[in-house]
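The file start-v1.cif comes next; it holds mmCIF, N, CA and C atoms.
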```
data_input
#
loop_
_atom_site.label_atom_id
_atom_site.label_comp_id
_atom_site.auth_asym_id
_atom_site.auth_seq_id
_atom_site.Cartn_x
_atom_site.Cartn_y
_atom_site.Cartn_z
N GLN A 1 71.71 8.45 46.03
CA GLN A 1 72.00 9.81 45.60
C GLN A 1 70.96 10.77 46.19
N VAL A 2 71.45 11.81 46.86
CA VAL A 2 70.56 12.80 47.46
C VAL A 2 69.98 13.68 46.37
N GLN A 3 68.67 13.80 46.35
CA GLN A 3 68.02 14.65 45.38
C GLN A 3 66.86 15.39 46.03
N LEU A 4 66.78 16.69 45.73
CA LEU A 4 65.68 17.53 46.17
C LEU A 4 65.03 18.12 44.95
N VAL A 5 63.71 18.07 44.89
CA VAL A 5 62.99 18.62 43.76
C VAL A 5 61.89 19.54 44.26
N GLU A 6 62.00 20.83 43.89
CA GLU A 6 60.96 21.79 44.24
C GLU A 6 59.88 21.81 43.17
N SER A 7 58.68 22.13 43.57
CA SER A 7 57.58 22.29 42.64
C SER A 7 56.56 23.24 43.25
N GLY A 8 55.62 23.68 42.42
CA GLY A 8 54.54 24.52 42.91
C GLY A 8 54.64 25.99 42.55
N GLY A 9 55.74 26.37 41.93
CA GLY A 9 55.89 27.77 41.54
C GLY A 9 54.95 28.11 40.38
N GLY A 10 54.90 29.40 40.07
CA GLY A 10 54.06 29.82 38.97
C GLY A 10 53.90 31.32 38.94
N LEU A 11 53.01 31.76 38.04
CA LEU A 11 52.68 33.17 37.89
C LEU A 11 51.35 33.43 38.58
N VAL A 12 51.36 34.34 39.54
CA VAL A 12 50.14 34.67 40.27
C VAL A 12 50.02 36.18 40.39
N GLN A 13 48.83 36.61 40.81
CA GLN A 13 48.60 38.04 41.02
C GLN A 13 48.86 38.42 42.47
N PRO A 14 49.12 39.68 42.71
CA PRO A 14 49.29 40.13 44.11
C PRO A 14 48.09 39.74 44.96
N GLY A 15 48.38 39.24 46.16
CA GLY A 15 47.34 38.79 47.06
C GLY A 15 47.01 37.31 46.96
N ASP A 16 47.48 36.68 45.91
CA ASP A 16 47.23 35.25 45.73
C ASP A 16 48.13 34.40 46.63
N SER A 17 47.89 33.10 46.58
CA SER A 17 48.66 32.15 47.38
C SER A 17 49.28 31.08 46.48
N LEU A 18 50.37 30.52 46.97
CA LEU A 18 51.02 29.36 46.35
C LEU A 18 51.55 28.47 47.45
N ARG A 19 51.62 27.19 47.16
CA ARG A 19 52.30 26.27 48.08
C ARG A 19 53.42 25.57 47.32
N LEU A 20 54.62 25.78 47.81
CA LEU A 20 55.78 25.13 47.23
C LEU A 20 56.04 23.81 47.96
N SER A 21 56.49 22.83 47.19
CA SER A 21 56.86 21.54 47.77
C SER A 21 58.33 21.27 47.50
N CYS A 22 58.91 20.51 48.40
CA CYS A 22 60.31 20.10 48.28
C CYS A 22 60.36 18.61 48.57
N ALA A 23 60.44 17.82 47.51
CA ALA A 23 60.42 16.36 47.64
C ALA A 23 61.84 15.83 47.68
N ALA A 24 62.13 15.02 48.69
CA ALA A 24 63.46 14.44 48.85
C ALA A 24 63.46 12.99 48.43
N SER A 25 64.55 12.57 47.83
CA SER A 25 64.70 11.16 47.46
C SER A 25 66.14 10.74 47.69
N GLY A 26 66.32 9.47 47.92
CA GLY A 26 67.66 8.94 48.14
C GLY A 26 68.09 8.98 49.59
N PHE A 27 67.26 9.51 50.46
CA PHE A 27 67.57 9.58 51.88
C PHE A 27 66.29 9.97 52.61
N THR A 28 66.33 9.97 53.94
CA THR A 28 65.18 10.37 54.73
C THR A 28 65.39 11.77 55.30
N LEU A 29 64.29 12.53 55.30
CA LEU A 29 64.35 13.89 55.82
C LEU A 29 64.44 13.97 57.33
N ASP A 30 64.20 12.85 58.01
CA ASP A 30 64.07 12.87 59.47
C ASP A 30 65.25 13.54 60.18
N ASP A 31 66.45 13.40 59.61
CA ASP A 31 67.65 13.90 60.27
C ASP A 31 68.04 15.31 59.86
N TYR A 32 67.22 15.93 59.01
CA TYR A 32 67.60 17.22 58.44
C TYR A 32 66.58 18.31 58.74
N SER A 33 67.09 19.49 58.97
CA SER A 33 66.22 20.66 58.97
C SER A 33 66.11 21.18 57.55
N ILE A 34 64.97 21.77 57.24
CA ILE A 34 64.69 22.22 55.88
C ILE A 34 64.67 23.74 55.83
N GLY A 35 65.42 24.27 54.93
CA GLY A 35 65.43 25.71 54.72
C GLY A 35 64.86 26.06 53.36
N TRP A 36 64.25 27.23 53.29
CA TRP A 36 63.80 27.78 52.02
C TRP A 36 64.55 29.10 51.79
N PHE A 37 65.02 29.26 50.58
CA PHE A 37 65.73 30.47 50.18
C PHE A 37 65.07 31.00 48.90
N ARG A 38 65.39 32.23 48.58
CA ARG A 38 64.94 32.77 47.30
C ARG A 38 65.99 33.71 46.74
N GLN A 39 65.96 33.82 45.42
CA GLN A 39 66.91 34.69 44.75
C GLN A 39 66.20 35.43 43.63
N ALA A 40 66.14 36.75 43.78
CA ALA A 40 65.55 37.60 42.76
C ALA A 40 66.64 38.01 41.77
N PRO A 41 66.26 38.38 40.55
CA PRO A 41 67.25 38.79 39.56
C PRO A 41 68.14 39.91 40.07
N GLY A 42 69.45 39.72 39.94
CA GLY A 42 70.40 40.74 40.35
C GLY A 42 70.62 40.85 41.84
N LYS A 43 70.03 39.96 42.60
CA LYS A 43 70.19 40.00 44.06
C LYS A 43 70.80 38.71 44.59
N GLU A 44 71.33 38.79 45.79
CA GLU A 44 71.89 37.60 46.42
C GLU A 44 70.78 36.68 46.91
N ARG A 45 71.13 35.42 47.03
CA ARG A 45 70.19 34.46 47.58
C ARG A 45 69.97 34.78 49.05
N GLU A 46 68.72 34.79 49.47
CA GLU A 46 68.41 35.14 50.85
C GLU A 46 67.57 34.05 51.51
N GLY A 47 67.79 33.89 52.79
CA GLY A 47 67.02 32.91 53.55
C GLY A 47 65.62 33.39 53.81
N VAL A 48 64.66 32.50 53.66
CA VAL A 48 63.25 32.82 53.86
C VAL A 48 62.74 32.19 55.15
N SER A 49 63.06 30.92 55.35
CA SER A 49 62.52 30.21 56.50
C SER A 49 63.31 28.93 56.74
N CYS A 50 63.16 28.40 57.95
CA CYS A 50 63.76 27.11 58.28
C CYS A 50 62.87 26.41 59.30
N ILE A 51 62.76 25.11 59.15
CA ILE A 51 62.02 24.31 60.12
C ILE A 51 62.94 23.22 60.66
N SER A 52 63.03 23.16 61.95
CA SER A 52 63.98 22.26 62.59
C SER A 52 63.44 20.83 62.64
N THR A 53 64.34 19.88 62.44
CA THR A 53 63.97 18.47 62.61
C THR A 53 64.04 18.07 64.07
N ILE A 54 64.66 18.89 64.91
CA ILE A 54 64.84 18.55 66.32
C ILE A 54 63.51 18.69 67.07
N ASP A 55 62.87 19.87 66.91
CA ASP A 55 61.66 20.14 67.69
C ASP A 55 60.55 20.78 66.87
N GLY A 56 60.76 20.88 65.56
CA GLY A 56 59.74 21.47 64.69
C GLY A 56 59.65 22.97 64.77
N SER A 57 60.58 23.60 65.47
CA SER A 57 60.55 25.06 65.57
C SER A 57 60.84 25.69 64.21
N THR A 58 60.34 26.90 64.05
CA THR A 58 60.46 27.57 62.76
C THR A 58 61.00 28.98 62.93
N VAL A 59 61.65 29.46 61.90
CA VAL A 59 62.11 30.84 61.84
C VAL A 59 61.74 31.39 60.47
N TYR A 60 61.50 32.70 60.45
CA TYR A 60 61.11 33.36 59.20
C TYR A 60 61.86 34.68 59.05
N ALA A 61 62.13 35.03 57.81
CA ALA A 61 62.64 36.36 57.52
C ALA A 61 61.53 37.37 57.82
N ASP A 62 61.91 38.55 58.26
CA ASP A 62 60.91 39.58 58.60
C ASP A 62 60.00 39.89 57.41
N SER A 63 60.56 39.80 56.23
CA SER A 63 59.80 40.18 55.03
C SER A 63 58.65 39.23 54.73
N VAL A 64 58.67 38.03 55.31
CA VAL A 64 57.61 37.05 55.01
C VAL A 64 56.83 36.64 56.25
N LYS A 65 57.26 37.12 57.40
CA LYS A 65 56.62 36.72 58.65
C LYS A 65 55.14 37.09 58.63
N GLY A 66 54.31 36.14 59.01
CA GLY A 66 52.88 36.37 59.02
C GLY A 66 52.20 36.04 57.71
N ARG A 67 52.97 35.86 56.65
CA ARG A 67 52.39 35.53 55.33
C ARG A 67 52.78 34.13 54.87
N PHE A 68 53.98 33.69 55.20
CA PHE A 68 54.49 32.39 54.78
C PHE A 68 54.48 31.43 55.97
N THR A 69 54.24 30.16 55.67
CA THR A 69 54.27 29.11 56.68
C THR A 69 55.06 27.92 56.16
N ILE A 70 56.08 27.55 56.91
CA ILE A 70 56.88 26.39 56.54
C ILE A 70 56.38 25.17 57.29
N SER A 71 56.44 24.03 56.65
CA SER A 71 55.99 22.80 57.30
C SER A 71 56.74 21.62 56.68
N ARG A 72 56.53 20.46 57.25
CA ARG A 72 57.17 19.27 56.75
C ARG A 72 56.29 18.07 57.02
N ASP A 73 56.41 17.06 56.17
CA ASP A 73 55.72 15.79 56.36
C ASP A 73 56.77 14.71 56.17
N ASN A 74 57.34 14.26 57.25
CA ASN A 74 58.42 13.28 57.15
C ASN A 74 57.94 11.97 56.55
N ALA A 75 56.68 11.63 56.76
CA ALA A 75 56.15 10.39 56.18
C ALA A 75 56.17 10.45 54.65
N LYS A 76 56.00 11.65 54.11
CA LYS A 76 56.04 11.84 52.66
C LYS A 76 57.41 12.29 52.18
N ASN A 77 58.34 12.47 53.13
CA ASN A 77 59.68 12.94 52.78
C ASN A 77 59.65 14.25 52.01
N THR A 78 58.78 15.14 52.46
CA THR A 78 58.52 16.38 51.72
C THR A 78 58.41 17.56 52.68
N GLY A 79 58.96 18.68 52.24
CA GLY A 79 58.79 19.94 52.95
C GLY A 79 57.91 20.87 52.13
N TYR A 80 57.34 21.87 52.81
CA TYR A 80 56.41 22.77 52.14
C TYR A 80 56.67 24.21 52.56
N LEU A 81 56.29 25.10 51.68
CA LEU A 81 56.27 26.52 52.01
C LEU A 81 54.95 27.08 51.48
N GLN A 82 54.04 27.38 52.41
CA GLN A 82 52.77 27.99 52.05
C GLN A 82 52.96 29.49 52.02
N MET A 83 52.65 30.09 50.88
CA MET A 83 52.88 31.53 50.70
C MET A 83 51.54 32.20 50.43
N ASN A 84 51.14 33.04 51.34
CA ASN A 84 49.87 33.79 51.22
C ASN A 84 50.14 35.27 51.05
N SER A 85 49.12 35.97 50.59
CA SER A 85 49.22 37.42 50.41
C SER A 85 50.48 37.81 49.67
N LEU A 86 50.71 37.15 48.57
CA LEU A 86 51.94 37.37 47.81
C LEU A 86 52.02 38.78 47.27
N LYS A 87 53.24 39.29 47.23
CA LYS A 87 53.53 40.64 46.76
C LYS A 87 54.48 40.57 45.58
N PRO A 88 54.51 41.59 44.75
CA PRO A 88 55.46 41.59 43.64
C PRO A 88 56.91 41.40 44.10
N GLU A 89 57.25 41.90 45.26
CA GLU A 89 58.61 41.76 45.76
C GLU A 89 58.95 40.34 46.20
N ASP A 90 57.97 39.46 46.21
CA ASP A 90 58.23 38.04 46.48
C ASP A 90 58.69 37.30 45.23
N THR A 91 58.67 37.96 44.10
CA THR A 91 59.10 37.35 42.85
C THR A 91 60.57 36.93 42.94
N ALA A 92 60.82 35.65 42.69
CA ALA A 92 62.19 35.11 42.81
C ALA A 92 62.15 33.64 42.42
N VAL A 93 63.34 33.07 42.29
CA VAL A 93 63.46 31.61 42.24
C VAL A 93 63.59 31.14 43.68
N TYR A 94 62.76 30.18 44.04
CA TYR A 94 62.74 29.65 45.40
C TYR A 94 63.42 28.29 45.44
N TYR A 95 64.29 28.14 46.42
CA TYR A 95 65.07 26.92 46.59
C TYR A 95 64.81 26.32 47.96
N CYS A 96 64.76 25.00 48.02
CA CYS A 96 64.81 24.35 49.32
C CYS A 96 66.21 23.78 49.52
N ALA A 97 66.59 23.64 50.77
CA ALA A 97 67.92 23.17 51.11
C ALA A 97 67.85 22.42 52.44
N LEU A 98 68.82 21.57 52.64
CA LEU A 98 68.84 20.74 53.85
C LEU A 98 70.12 20.94 54.63
N ILE A 99 69.97 20.89 55.95
CA ILE A 99 71.12 20.94 56.84
C ILE A 99 70.92 19.86 57.88
N TRP A 100 72.00 19.14 58.19
CA TRP A 100 71.93 18.06 59.18
C TRP A 100 71.63 18.66 60.56
N GLY A 101 70.68 18.06 61.25
CA GLY A 101 70.37 18.50 62.60
C GLY A 101 69.51 19.75 62.61
N ALA A 102 69.80 20.65 63.54
CA ALA A 102 68.97 21.83 63.76
C ALA A 102 69.19 22.90 62.69
N CYS A 103 68.25 23.85 62.64
CA CYS A 103 68.45 25.01 61.77
C CYS A 103 69.68 25.78 62.25
N PRO A 104 70.33 26.49 61.35
CA PRO A 104 71.51 27.26 61.75
C PRO A 104 71.19 28.24 62.88
N VAL A 105 72.18 28.49 63.71
CA VAL A 105 72.01 29.43 64.81
C VAL A 105 71.61 30.81 64.28
N ALA A 106 72.15 31.16 63.13
CA ALA A 106 71.86 32.47 62.55
C ALA A 106 70.47 32.55 61.92
N GLY A 107 69.74 31.47 61.96
CA GLY A 107 68.38 31.47 61.40
C GLY A 107 68.38 31.74 59.92
N THR A 108 67.51 32.65 59.47
CA THR A 108 67.42 32.92 58.04
C THR A 108 68.57 33.78 57.54
N SER A 109 69.43 34.23 58.45
CA SER A 109 70.63 34.97 58.03
C SER A 109 71.81 34.05 57.79
N ALA A 110 71.62 32.77 57.96
CA ALA A 110 72.71 31.82 57.77
C ALA A 110 73.22 31.87 56.34
N ALA A 111 74.51 31.61 56.21
CA ALA A 111 75.14 31.58 54.89
C ALA A 111 74.66 30.36 54.11
N VAL A 112 74.59 30.52 52.80
CA VAL A 112 74.09 29.41 51.99
C VAL A 112 74.99 28.19 52.08
N TYR A 113 76.29 28.39 52.37
CA TYR A 113 77.20 27.26 52.42
C TYR A 113 76.95 26.35 53.62
N GLU A 114 76.14 26.82 54.55
CA GLU A 114 75.82 25.98 55.70
C GLU A 114 74.87 24.85 55.33
N TYR A 115 74.23 24.99 54.19
CA TYR A 115 73.31 23.95 53.71
C TYR A 115 74.00 23.15 52.61
N PRO A 116 74.30 21.90 52.82
CA PRO A 116 75.03 21.13 51.81
C PRO A 116 74.19 20.60 50.65
N TYR A 117 72.87 20.55 50.84
CA TYR A 117 72.02 19.95 49.81
C TYR A 117 71.00 20.96 49.32
N TRP A 118 70.87 21.05 47.99
CA TRP A 118 70.00 22.05 47.38
C TRP A 118 69.17 21.45 46.27
N GLY A 119 67.97 21.99 46.09
CA GLY A 119 67.17 21.67 44.93
C GLY A 119 67.53 22.60 43.78
N GLN A 120 66.84 22.42 42.67
CA GLN A 120 67.15 23.17 41.46
C GLN A 120 66.40 24.49 41.38
N GLY A 121 65.41 24.66 42.24
CA GLY A 121 64.67 25.92 42.29
C GLY A 121 63.38 25.88 41.50
N THR A 122 62.43 26.72 41.91
CA THR A 122 61.17 26.87 41.21
C THR A 122 60.83 28.36 41.15
N GLN A 123 60.40 28.82 39.99
CA GLN A 123 60.15 30.25 39.78
C GLN A 123 58.80 30.65 40.34
N VAL A 124 58.81 31.73 41.10
CA VAL A 124 57.57 32.35 41.57
C VAL A 124 57.54 33.78 41.05
N THR A 125 56.50 34.11 40.31
CA THR A 125 56.34 35.45 39.76
C THR A 125 55.01 36.02 40.22
N VAL A 126 55.08 37.18 40.86
CA VAL A 126 53.87 37.83 41.35
C VAL A 126 53.71 39.13 40.58
N SER A 127 52.69 39.19 39.76
CA SER A 127 52.52 40.34 38.88
C SER A 127 51.06 40.49 38.52
N SER A 128 50.63 41.74 38.39
CA SER A 128 49.27 42.01 37.93
C SER A 128 49.23 42.22 36.42
#
```
As structure tokens, the full file:
Amino acid sequence: QVQLVESGGGLVQPGDSLRLSCAASGFTLDDYSIGWFRQAPGKEREGVSCISTIDGSTVYADSVKGRFTISRDNAKNTGYLQMNSLKPEDTAVYYCALIWGACPVAGTSAAVYEYPYWGQGTQVTVSS
């Protein structure tokens, strides 16, 4: 059974950092690219980043470029999202998702249905 579990969310102040983890079980991450999405209250789920399993290339939404770093450790079957210089507008539930092969051509603008596997989400709240 494919299972993804996110962790690492929490309540932080503006300017702080968090590292989210996405642990996979029931299969190996080697064949999948990992995407991170977020959904703020009253807003649609939006793509944040993706890391390709093909060549390790990464893409980021403009809103997080330079502050967030996506990575993966296939030996641990885990993906990560390092979030620095957090802002109140980063407040959302963060989800990891998997897609077979490369990241979508549309990058972080890809539709959520392109990712067949999803975690349950972890809350990130940035507030002073």
Handout entry: Result set of the PyMOL selection byres ((chain A and resi 92) around 7) on the coordinates above, as a PyMOL selection string
Key = chain A and resi 38-41+89-91+93-94+122-126
Practice task
Can you work out which one of A:Pro116, A:Pro88, A:Pro104, A:Gly121 has the shortest atom-to-atom distance to Gln13 of chain A, counting all atoms listed in the file?
Solution key: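 Ranked by minimum distance to Gln13 of chain A, first place goes to A:Pro88.
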Handout entry: Nearest-residue call for Arg67 of chain A, choices A:Val5, A:Gln82, A:Gly10, A:Thr53, using all atoms listed in the file
Key =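 Closest to Arg67 of chain A, using all atoms listed in the file: A:Gln82.
DSSP on the backbone gives helix (DSSP H, G or I) for these parts of segment 2-128 of chain A: Leu29, Asp30, Asp31, Asn74, Ala75, Lys76, Pro88, Glu89, Asp90, Gly107, Thr108, Ser109, Val112, Tyr113 and Glu114 of chain A.
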Handout entry: Residues returned when the PyMOL selection byres (((chain A and resi 25 and name CA) around 12) and name CA) runs on this file, as a list in words
Key =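 Residues picked by the PyMOL selection byres (((chain A and resi 25 and name CA) around 12) and name CA): Gln1, Val2, Gln3, Leu4, Val5, Glu6, Cys22, Ala23, Ala24, Gly26, Phe27, Thr28, Leu29, Asn74, Lys76, Asn77, Thr78, Gly79, Tyr117 and Gly119 of chain A.
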Export, as a compact mmCIF listing (two decimals), in the frame of the given file, the selected residues with N, CA and C atoms.
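So part32.txt came out as:
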```txt
# COMPACT_ATOMS: atom_id res chain seq x y z
N GLN A 1 71.71 8.45 46.03
CA GLN A 1 72.00 9.81 45.60
C GLN A 1 70.96 10.77 46.19
N VAL A 2 71.45 11.81 46.86
CA VAL A 2 70.56 12.80 47.46
C VAL A 2 69.98 13.68 46.37
N GLN A 3 68.67 13.80 46.35
CA GLN A 3 68.02 14.65 45.38
C GLN A 3 66.86 15.39 46.03
N LEU A 4 66.78 16.69 45.73
CA LEU A 4 65.68 17.53 46.17
C LEU A 4 65.03 18.12 44.95
N VAL A 5 63.71 18.07 44.89
CA VAL A 5 62.99 18.62 43.76
C VAL A 5 61.89 19.54 44.26
N GLU A 6 62.00 20.83 43.89
CA GLU A 6 60.96 21.79 44.24
C GLU A 6 59.88 21.81 43.17
N CYS A 22 58.91 20.51 48.40
CA CYS A 22 60.31 20.10 48.28
C CYS A 22 60.36 18.61 48.57
N ALA A 23 60.44 17.82 47.51
CA ALA A 23 60.42 16.36 47.64
C ALA A 23 61.84 15.83 47.68
N ALA A 24 62.13 15.02 48.69
CA ALA A 24 63.46 14.44 48.85
C ALA A 24 63.46 12.99 48.43
N GLY A 26 66.32 9.47 47.92
CA GLY A 26 67.66 8.94 48.14
C GLY A 26 68.09 8.98 49.59
N PHE A 27 67.26 9.51 50.46
CA PHE A 27 67.57 9.58 51.88
C PHE A 27 66.29 9.97 52.61
N THR A 28 66.33 9.97 53.94
CA THR A 28 65.18 10.37 54.73
C THR A 28 65.39 11.77 55.30
N LEU A 29 64.29 12.53 55.30
CA LEU A 29 64.35 13.89 55.82
C LEU A 29 64.44 13.97 57.33
N ASN A 74 57.34 14.26 57.25
CA ASN A 74 58.42 13.28 57.15
C ASN A 74 57.94 11.97 56.55
N LYS A 76 56.00 11.65 54.11
CA LYS A 76 56.04 11.84 52.66
C LYS A 76 57.41 12.29 52.18
N ASN A 77 58.34 12.47 53.13
CA ASN A 77 59.68 12.94 52.78
C ASN A 77 59.65 14.25 52.01
N THR A 78 58.78 15.14 52.46
CA THR A 78 58.52 16.38 51.72
C THR A 78 58.41 17.56 52.68
N GLY A 79 58.96 18.68 52.24
CA GLY A 79 58.79 19.94 52.95
C GLY A 79 57.91 20.87 52.13
N TYR A 117 72.87 20.55 50.84
CA TYR A 117 72.02 19.95 49.81
C TYR A 117 71.00 20.96 49.32
N GLY A 119 67.97 21.99 46.09
CA GLY A 119 67.17 21.67 44.93
C GLY A 119 67.53 22.60 43.78
```
Practice task
Measure the distance from atom CA of Arg72 of chain A to atom CA of Leu86 of chain A in Å and round it to one decimal.
Solution key: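 Pair atom CA of Arg72 of chain A / atom CA of Leu86 of chain A returns 20.9 Å.
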Practice task
Using atom C of Tyr60 of chain A and atom CA of Gly107 of chain A as the two end points, give the distance in Å to one decimal.
Solution key: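 Between these atoms lies a distance of 7.6 Å.
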Handout entry: All residues 12 Å or closer to Gly66 of chain A, only C-alpha atoms, same chain fewer than 4 positions away omitted, as a PyMOL selection string
Key = chain A and resi 49+59-62+70+82-86
Practice task
Write down as a count of residues only the residues of segment 20-115 of chain A whose backbone DSSP state falls under strand (DSSP E or B).
Solution key: 44
Handout entry: Straight-line distance linking atom CA of Trp36 of chain A with atom N of Leu81 of chain A, stated in Å to one decimal
Key = 8.0 Å
Problem - Of the listed residues A:Gly101, A:Ser71, A:Thr58, A:Arg45, that which approaches Asp30 of chain A most closely, counting only N, CA and C atoms - result: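 Residue with the minimum atom-to-atom distance to Asp30 of chain A: A:Gly101.
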Handout entry: Pick from A:Gly35, A:Ser17, A:Ala102, A:Lys87 nearest to Gly47 of chain A, counting only C-alpha atoms
Key =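 Answer, going by the shortest atom-to-atom distance: A:Gly35.
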Problem - Expansion of the PyMOL selection byres ((chain A and resi 34) around 5) into residues, as a PyMOL selection string - result: chain A and resi 32-33+35-36+50-51+97-98
Problem - For Leu20 of chain A, the nearest of the candidates A:Tyr80, A:Cys96, A:Thr108, A:Ser52, counting only N, CA and C atoms - result: A:Tyr80
Problem - Residue among A:Gln120, A:Ser128, A:Ser63, A:Ser109 lying closest to Tyr95 of chain A, counting only C-alpha atoms - result: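 Among A:Gln120, A:Ser128, A:Ser63, A:Ser109, it is A:Gln120 that comes nearest to Tyr95 of chain A.
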